[in-house]
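Inspection log for the structure reproduced underneath, given as structure tokens.
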Amino acid sequence: MIILGTNSIKGGYDVANSLRFNSASDDNLSRTPSSASNRKTFTISAWVKRANLGTTQTIIDARIDSNDNCSIFFNDDDNIFIKFKVSPTSQNTSLTTNRKFRDVSAWLNIVLAVDMTQGTDTNRVKFYVNGVQETSFSSATYLAQNTDTTYNNTNEHQLGSRVADTSQDLDGYMAEFVMVDGTALAPTSFGEFDEDSGIWKPIDVSGLTFGTNGFYLEFKQ
């Protein structure tokens with residue numbers, strides 16, 4: 001992995017650093033929390049720039065085994081796929097965007113806001129790209145209310161690769177990766193639309209409350 005001072009995101013708040021993930025060398029970052037925290041309510045935000053298309057590429061994967069895992073990834077058709085599997089039930093959350101993401105020159109801000117306590121199933125998992133909620137899915141199923149996921153549990157969490165076998169590696173860049181433990185936030189906590197161009201741009205997230213197992217990766221080191 002290479003930390004880059006170039007490939008920066010420019011806006012009202014400039015992001016100077018990004019992390020290069022090379023699928024050929026199985027690059028990834030891994031963390032296993034020492035204790036569980038809020039597994040029902042959390043937010044994930046990341047700025048991602050793809051460098052290769054047409055392959056399954058993982059953004060984040062939190063996994064115990066094939067029956068208990070949660071992940072966000074680009075599939076080999078270049079859609080974004082969100083999956084939460086929880087045993088022993090066969091029920092899961094599975095969202096596949098109809099929209100395809102094939103612009104290797106563009107940064108995408110991907111925000112996943114989860115609140116499993118919500119009574120309406122579509123409010124339990126909300127997904128945004130560049131400040132706009134994705135609502136058009138080729139498939140959409142949702143876990144039952146108050147289900148605990150594998151996020152913020154004491155299992156391994158990996159960025160840029162799948163936990164099970166370090167396959168489905170990301171080929172591209174990440175910047176400003178945030179996990180907020182205990183709160184489902186709107187995308188406006190991570191970005192804003194430029195008043196002149198209308199382009200979604202990053203804002204300073206350092207003042208957010210990240211929670212017990214939350215974190216903010218600036219990729220400075």
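Identifiers in this document derive from the order of the structure tokens: chains are assigned A, B, ..., residues are numbered from 1 separately in each chain, and ligands are numbered from 1 in order of occurrence.
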
Item to complete: Would you kindly return, as a PyMOL selection string, each protein, DNA or RNA residue with an atom no farther than 8 Å from any atom of Asp115 of chain A, considering only C-alpha atoms and excluding same-chain residues fewer than 5 positions away?
Response: chain A and resi 40-42+123-125+183-184

Deliver the residues from the most recent selection as a file, using N, CA and C atoms, as a PDB file, in the first residue's frame.
ATOM      1  N   LYS A  40     -25.995  -2.462  16.030  1.00  0.00           N
ATOM      2  CA  LYS A  40     -27.252  -2.142  15.350  1.00  0.00           C
ATOM      3  C   LYS A  40     -27.223  -0.787  14.644  1.00  0.00           C
ATOM      4  N   THR A  41     -26.465   0.158  15.186  1.00  0.00           N
ATOM      5  CA  THR A  41     -26.513   1.533  14.675  1.00  0.00           C
ATOM      6  C   THR A  41     -25.091   2.051  14.451  1.00  0.00           C
ATOM      7  N   PHE A  42     -24.805   2.464  13.215  1.00  0.00           N
ATOM      8  CA  PHE A  42     -23.457   2.945  12.883  1.00  0.00           C
ATOM      9  C   PHE A  42     -23.492   3.578  11.497  1.00  0.00           C
ATOM     10  N   ASN A 123     -35.741   1.937   6.136  1.00  0.00           N
ATOM     11  CA  ASN A 123     -35.052   2.945   6.953  1.00  0.00           C
ATOM     12  C   ASN A 123     -33.906   2.351   7.765  1.00  0.00           C
ATOM     13  N   ARG A 124     -33.794   1.023   7.782  1.00  0.00           N
ATOM     14  CA  ARG A 124     -32.735   0.377   8.581  1.00  0.00           C
ATOM     15  C   ARG A 124     -31.370   0.481   7.909  1.00  0.00           C
ATOM     16  N   VAL A 125     -31.355   0.514   6.594  1.00  0.00           N
ATOM     17  CA  VAL A 125     -30.100   0.610   5.850  1.00  0.00           C
ATOM     18  C   VAL A 125     -30.283   1.658   4.755  1.00  0.00           C
ATOM     19  N   THR A 183     -24.299   5.896  15.890  1.00  0.00           N
ATOM     20  CA  THR A 183     -25.135   6.928  15.280  1.00  0.00           C
ATOM     21  C   THR A 183     -25.263   6.682  13.785  1.00  0.00           C
ATOM     22  N   ALA A 184     -26.484   6.816  13.255  1.00  0.00           N
ATOM     23  CA  ALA A 184     -26.709   6.757  11.808  1.00  0.00           C
ATOM     24  C   ALA A 184     -26.775   8.192  11.294  1.00  0.00           C
TER      25      ALA A 184
END

Discussion item. What's around segment 128-142 of chain A at 9 Å? Count only C-alpha atoms, leave out sequence neighbours fewer than 5 positions away in its own chain, and write the answer as a PyMOL selection string.
Written reply: chain A and resi 84+91-99+107-113+121-122+186-188+190-193+199-201

Restricting it to N, CA and C atoms, dump the selection as a PDB file, in the first residue's frame.
ATOM      1  N   PHE A  84     -25.437  -7.945   4.371  1.00  0.00           N
ATOM      2  CA  PHE A  84     -25.360  -8.304   5.787  1.00  0.00           C
ATOM      3  C   PHE A  84     -25.939  -9.717   5.919  1.00  0.00           C
ATOM      4  N   GLN A  91     -32.273 -15.092   6.700  1.00  0.00           N
ATOM      5  CA  GLN A  91     -32.609 -13.730   6.323  1.00  0.00           C
ATOM      6  C   GLN A  91     -31.349 -12.872   6.232  1.00  0.00           C
ATOM      7  N   ASN A  92     -31.340 -11.947   5.311  1.00  0.00           N
ATOM      8  CA  ASN A  92     -30.172 -11.078   5.186  1.00  0.00           C
ATOM      9  C   ASN A  92     -30.586  -9.748   4.580  1.00  0.00           C
ATOM     10  N   THR A  93     -29.679  -8.787   4.680  1.00  0.00           N
ATOM     11  CA  THR A  93     -29.809  -7.550   3.916  1.00  0.00           C
ATOM     12  C   THR A  93     -28.957  -7.690   2.666  1.00  0.00           C
ATOM     13  N   SER A  94     -29.555  -7.439   1.530  1.00  0.00           N
ATOM     14  CA  SER A  94     -28.838  -7.530   0.265  1.00  0.00           C
ATOM     15  C   SER A  94     -29.344  -6.421  -0.653  1.00  0.00           C
ATOM     16  N   LEU A  95     -28.468  -5.493  -0.982  1.00  0.00           N
ATOM     17  CA  LEU A  95     -28.819  -4.366  -1.851  1.00  0.00           C
ATOM     18  C   LEU A  95     -27.812  -4.293  -2.991  1.00  0.00           C
ATOM     19  N   THR A  96     -28.304  -4.328  -4.217  1.00  0.00           N
ATOM     20  CA  THR A  96     -27.453  -4.186  -5.394  1.00  0.00           C
ATOM     21  C   THR A  96     -27.946  -3.014  -6.216  1.00  0.00           C
ATOM     22  N   THR A  97     -27.104  -2.020  -6.415  1.00  0.00           N
ATOM     23  CA  THR A  97     -27.530  -0.832  -7.153  1.00  0.00           C
ATOM     24  C   THR A  97     -27.762  -1.170  -8.621  1.00  0.00           C
ATOM     25  N   ASN A  98     -28.772  -0.551  -9.205  1.00  0.00           N
ATOM     26  CA  ASN A  98     -28.922  -0.622 -10.657  1.00  0.00           C
ATOM     27  C   ASN A  98     -27.842   0.204 -11.350  1.00  0.00           C
ATOM     28  N   ARG A  99     -27.434   1.259 -10.685  1.00  0.00           N
ATOM     29  CA  ARG A  99     -26.429   2.155 -11.256  1.00  0.00           C
ATOM     30  C   ARG A  99     -25.062   1.480 -11.271  1.00  0.00           C
ATOM     31  N   TRP A 107     -13.688  10.520  -7.922  1.00  0.00           N
ATOM     32  CA  TRP A 107     -13.818  10.101  -6.535  1.00  0.00           C
ATOM     33  C   TRP A 107     -15.306   9.931  -6.207  1.00  0.00           C
ATOM     34  N   LEU A 108     -15.635   8.871  -5.482  1.00  0.00           N
ATOM     35  CA  LEU A 108     -16.978   8.621  -4.990  1.00  0.00           C
ATOM     36  C   LEU A 108     -16.976   8.691  -3.478  1.00  0.00           C
ATOM     37  N   ASN A 109     -17.918   9.426  -2.904  1.00  0.00           N
ATOM     38  CA  ASN A 109     -18.121   9.379  -1.460  1.00  0.00           C
ATOM     39  C   ASN A 109     -19.268   8.412  -1.184  1.00  0.00           C
ATOM     40  N   ILE A 110     -18.928   7.296  -0.559  1.00  0.00           N
ATOM     41  CA  ILE A 110     -19.893   6.244  -0.260  1.00  0.00           C
ATOM     42  C   ILE A 110     -20.228   6.310   1.221  1.00  0.00           C
ATOM     43  N   VAL A 111     -21.516   6.475   1.547  1.00  0.00           N
ATOM     44  CA  VAL A 111     -21.963   6.555   2.935  1.00  0.00           C
ATOM     45  C   VAL A 111     -23.026   5.489   3.173  1.00  0.00           C
ATOM     46  N   LEU A 112     -22.808   4.663   4.175  1.00  0.00           N
ATOM     47  CA  LEU A 112     -23.771   3.649   4.596  1.00  0.00           C
ATOM     48  C   LEU A 112     -24.219   3.991   6.010  1.00  0.00           C
ATOM     49  N   ALA A 113     -25.506   4.314   6.173  1.00  0.00           N
ATOM     50  CA  ALA A 113     -26.070   4.654   7.482  1.00  0.00           C
ATOM     51  C   ALA A 113     -27.020   3.541   7.908  1.00  0.00           C
ATOM     52  N   ASP A 121     -38.451  -1.269   7.235  1.00  0.00           N
ATOM     53  CA  ASP A 121     -37.237  -1.979   6.813  1.00  0.00           C
ATOM     54  C   ASP A 121     -36.319  -1.121   5.951  1.00  0.00           C
ATOM     55  N   THR A 122     -36.859  -0.299   5.053  1.00  0.00           N
ATOM     56  CA  THR A 122     -36.017   0.514   4.172  1.00  0.00           C
ATOM     57  C   THR A 122     -35.302   1.639   4.914  1.00  0.00           C
ATOM     58  N   ALA A 186     -26.407  11.404   8.374  1.00  0.00           N
ATOM     59  CA  ALA A 186     -26.690  11.799   6.995  1.00  0.00           C
ATOM     60  C   ALA A 186     -25.365  12.068   6.271  1.00  0.00           C
ATOM     61  N   PRO A 187     -25.371  12.025   4.941  1.00  0.00           N
ATOM     62  CA  PRO A 187     -24.129  12.285   4.200  1.00  0.00           C
ATOM     63  C   PRO A 187     -23.581  13.695   4.409  1.00  0.00           C
ATOM     64  N   THR A 188     -24.428  14.617   4.850  1.00  0.00           N
ATOM     65  CA  THR A 188     -23.975  15.991   5.094  1.00  0.00           C
ATOM     66  C   THR A 188     -23.008  16.090   6.272  1.00  0.00           C
ATOM     67  N   PHE A 190     -20.353  14.386   6.136  1.00  0.00           N
ATOM     68  CA  PHE A 190     -19.090  14.046   5.494  1.00  0.00           C
ATOM     69  C   PHE A 190     -18.790  14.874   4.241  1.00  0.00           C
ATOM     70  N   GLY A 191     -19.800  15.538   3.695  1.00  0.00           N
ATOM     71  CA  GLY A 191     -19.583  16.315   2.486  1.00  0.00           C
ATOM     72  C   GLY A 191     -20.675  17.345   2.279  1.00  0.00           C
ATOM     73  N   GLU A 192     -20.502  18.140   1.225  1.00  0.00           N
ATOM     74  CA  GLU A 192     -21.486  19.173   0.878  1.00  0.00           C
ATOM     75  C   GLU A 192     -21.402  19.443  -0.615  1.00  0.00           C
ATOM     76  N   PHE A 193     -22.492  19.975  -1.172  1.00  0.00           N
ATOM     77  CA  PHE A 193     -22.494  20.336  -2.585  1.00  0.00           C
ATOM     78  C   PHE A 193     -21.867  21.721  -2.757  1.00  0.00           C
ATOM     79  N   ILE A 199     -20.897  20.114  -7.419  1.00  0.00           N
ATOM     80  CA  ILE A 199     -20.158  18.870  -7.186  1.00  0.00           C
ATOM     81  C   ILE A 199     -20.089  18.581  -5.691  1.00  0.00           C
ATOM     82  N   TRP A 200     -20.265  17.318  -5.325  1.00  0.00           N
ATOM     83  CA  TRP A 200     -20.145  16.889  -3.927  1.00  0.00           C
ATOM     84  C   TRP A 200     -18.682  16.921  -3.517  1.00  0.00           C
ATOM     85  N   LYS A 201     -18.384  17.589  -2.402  1.00  0.00           N
ATOM     86  CA  LYS A 201     -16.998  17.750  -1.969  1.00  0.00           C
ATOM     87  C   LYS A 201     -16.887  17.443  -0.477  1.00  0.00           C
TER      88      LYS A 201
END

Worksheet item: Residues at most 10 Å from Gln57 of chain A, counting only C-alpha atoms, excluding those fewer than 3 positions away in the same chain, as an MDAnalysis selection string?
Response: chainID A and resid 23 50 52:54 60 72:76 78 80 160:162 167:172

Distance table requested - segment 101-120 of chain A against segment 148-158 of chain A, cut-off 10 Å, only C-alpha atoms: one row per qualifying residue with the closest atom pair and its distance in Å to one decimal, ordered by chain and rising residue number, as CSV.
residue,atom,partner,partner_atom,distance
A:Val114,CA,A:Thr149,CA,9.9
A:Met116,CA,A:Asp148,CA,7.7
A:Thr117,CA,A:Asp148,CA,9.8

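For the set A:Ser197, A:Thr56, A:Ser105, A:Asn146, the residue with the smallest atom-to-atom gap to Gly119 of chain A is A:Asn146, counting only C-alpha atoms.
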